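For reference, the structure is listed below as structure tokens.
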Amino acid sequence: MNNPSITVTNITKAVAGRRLLDDVSFAIEKQSLVSLIGPNGAGKSTLVHIMLGLDTHYTGTVSITPGERITYIPQLATIDRHQLPLSVQEYIAIGTTPLYSGIRHDVDMVRALDHVGLTASTLEQPCASLSGGERQRVAIARALLAEPTILVLDEPLAAVDYASRDGLYTLIRHLQQDHAMTVLLVSHDIESVLPLSDRVLCLNKTLHTDCHPTAFTATDGHHPTAVHHHC
């Protein structure tokens with residue numbers, strides 16, 4: 001691959017003698033949308049944490065191309081047990097850098113919300129009042145304030161009702177194309193990510209890297225459930 005954003009080489013991780021990842025290697029091309037799929041316990045979150053530098057106990061290497069800026073959106077809980085009394089504006093402001101003051105900060109927030117299909121009035125709403133789909137859109141808007149070149153989303157639709165899922169997938173693809181971002185989408189929703197993705201990585205401790213959506217058509221005798229079994 002001539003223009004990678006991220007290169008993962010020979011990643012192996014073991015805990016108490018049990019291998020969670022076994023010699024995983026791949027590269028993600030700049031400005032592509034890549035989905036990482038696999039069953040529960042396949043090592044998807046472990047691999048993402050290693051790529052983000054959150055887990056340093058492994059062998060192998062992860063190389064991020066100089067100049068890339070990564071923003072990570074973790075999986076949202078179906079129910080927010082903490083129910084923090086925050087407005088959307090307060091939530092978006094937490095940890096954002098650089099910290100603007102006054103109207104400039106508000107303008108940036110409104111612009112970010114507009115990118116994800118939400119209006120300025122959303123800023124005044126309590127976070128606890130939002131639906132799962134709205135919370136995910138707000139999380140993406142918050143990520144956009146960091147002006148990332150790489151966006152990593154871990155199971156972005158886990159807390160989203162089925163009626164909102166297509167719209168969110170369309171949004172993610174729109175952001176990747178119109179903002180020229182590299183997107184890594186971690187999901188077990190294989191049926192939906194296959195047509196969305198430029199490339200699919202099938203992980204189950206080891207990696208199957210030649211999984212392009214066009215490889216899983218009826219003409220080849222494959223279908224999404226077969227992909228899940230394969231992984």
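Each chain of the structure tokens is named A, B, ... in the order shown, its residues numbered from 1; ligands are numbered from 1 in display order.
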Exercise. From the DSSP assignment of the backbone, select every residue of range 112-209 of chain A that is alpha helix (DSSP H), and format the answer as a ChimeraX atom specification.
Key: /A:112-115,132-144,162-178,190-196
Restricted to C-alpha atoms, what would the selected residues look like written as a CSV table (one decimal), in the first residue's frame?
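Result file is selection_15.csv:
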```
chain,number,residue,atom,x,y,z
A,112,ALA,CA,-20.1,20.7,14.2
A,113,LEU,CA,-23.7,19.9,15.1
A,114,ASP,CA,-24.8,21.0,11.6
A,115,HIS,CA,-22.3,18.5,10.1
A,132,GLY,CA,-29.2,6.8,21.3
A,133,GLY,CA,-28.9,8.0,17.7
A,134,GLU,CA,-28.8,11.7,18.9
A,135,ARG,CA,-26.2,10.9,21.5
A,136,GLN,CA,-24.0,9.2,18.8
A,137,ARG,CA,-24.4,12.2,16.5
A,138,VAL,CA,-23.4,14.5,19.4
A,139,ALA,CA,-20.3,12.3,20.1
A,140,ILE,CA,-19.3,12.6,16.5
A,141,ALA,CA,-19.8,16.4,16.5
A,142,ARG,CA,-17.6,16.6,19.6
A,143,ALA,CA,-14.9,14.5,17.8
A,144,LEU,CA,-15.0,16.8,14.8
A,162,TYR,CA,-32.8,0.2,14.1
A,163,ALA,CA,-34.8,3.1,12.6
A,164,SER,CA,-31.8,5.5,13.1
A,165,ARG,CA,-29.1,3.1,11.9
A,166,ASP,CA,-29.1,3.8,8.1
A,167,GLY,CA,-29.0,7.5,8.7
A,168,LEU,CA,-25.9,7.2,10.9
A,169,TYR,CA,-24.1,4.9,8.5
A,170,THR,CA,-24.8,7.5,5.7
A,171,LEU,CA,-23.4,10.2,8.0
A,172,ILE,CA,-20.2,8.3,8.7
A,173,ARG,CA,-19.7,7.7,5.0
A,174,HIS,CA,-20.4,11.3,4.2
A,175,LEU,CA,-17.9,12.5,6.8
A,176,GLN,CA,-15.2,10.2,5.4
A,177,GLN,CA,-15.8,11.3,1.8
A,178,ASP,CA,-16.5,15.0,2.2
A,190,ILE,CA,-21.8,-7.2,9.1
A,191,GLU,CA,-24.8,-7.0,6.9
A,192,SER,CA,-24.7,-3.2,7.1
A,193,VAL,CA,-21.0,-2.5,6.9
A,194,LEU,CA,-20.2,-4.6,3.8
A,195,PRO,CA,-21.8,-2.2,1.3
A,196,LEU,CA,-20.5,0.8,3.2
```
Exercise. Go ahead and compute the interatomic distance for CA of Ile92 in chain A and CA of Ala128 in chain A, in Å to one decimal.
Key: 13.7 Å
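When DSSP reads the backbone of this structure, the residues of range 105-171 of chain A it assigns to strand (DSSP E) are Ile150, Leu151, Val152, Leu153 and Asp154 of chain A.
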Write the residues you've just listed into a file as an mmCIF file, in the first residue's frame, and include C-alpha atoms for each of them.
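Below you can see part.cif, which holds the result:
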```
data_model
loop_
_atom_site.group_PDB
_atom_site.id
_atom_site.type_symbol
_atom_site.label_atom_id
_atom_site.label_comp_id
_atom_site.auth_asym_id
_atom_site.auth_seq_id
_atom_site.Cartn_x
_atom_site.Cartn_y
_atom_site.Cartn_z
ATOM 1 C CA ILE A 150 -8.467 9.581 11.337
ATOM 2 C CA LEU A 151 -11.752 8.742 13.054
ATOM 3 C CA VAL A 152 -12.056 5.458 14.974
ATOM 4 C CA LEU A 153 -15.580 4.394 15.944
ATOM 5 C CA ASP A 154 -16.102 1.381 18.218
#
```
Practice problem: Could you jot down the CA of Lys30 in chain A to CA of Leu201 in chain A separation for me, Å, one decimal place? | Solution: 15.6 Å
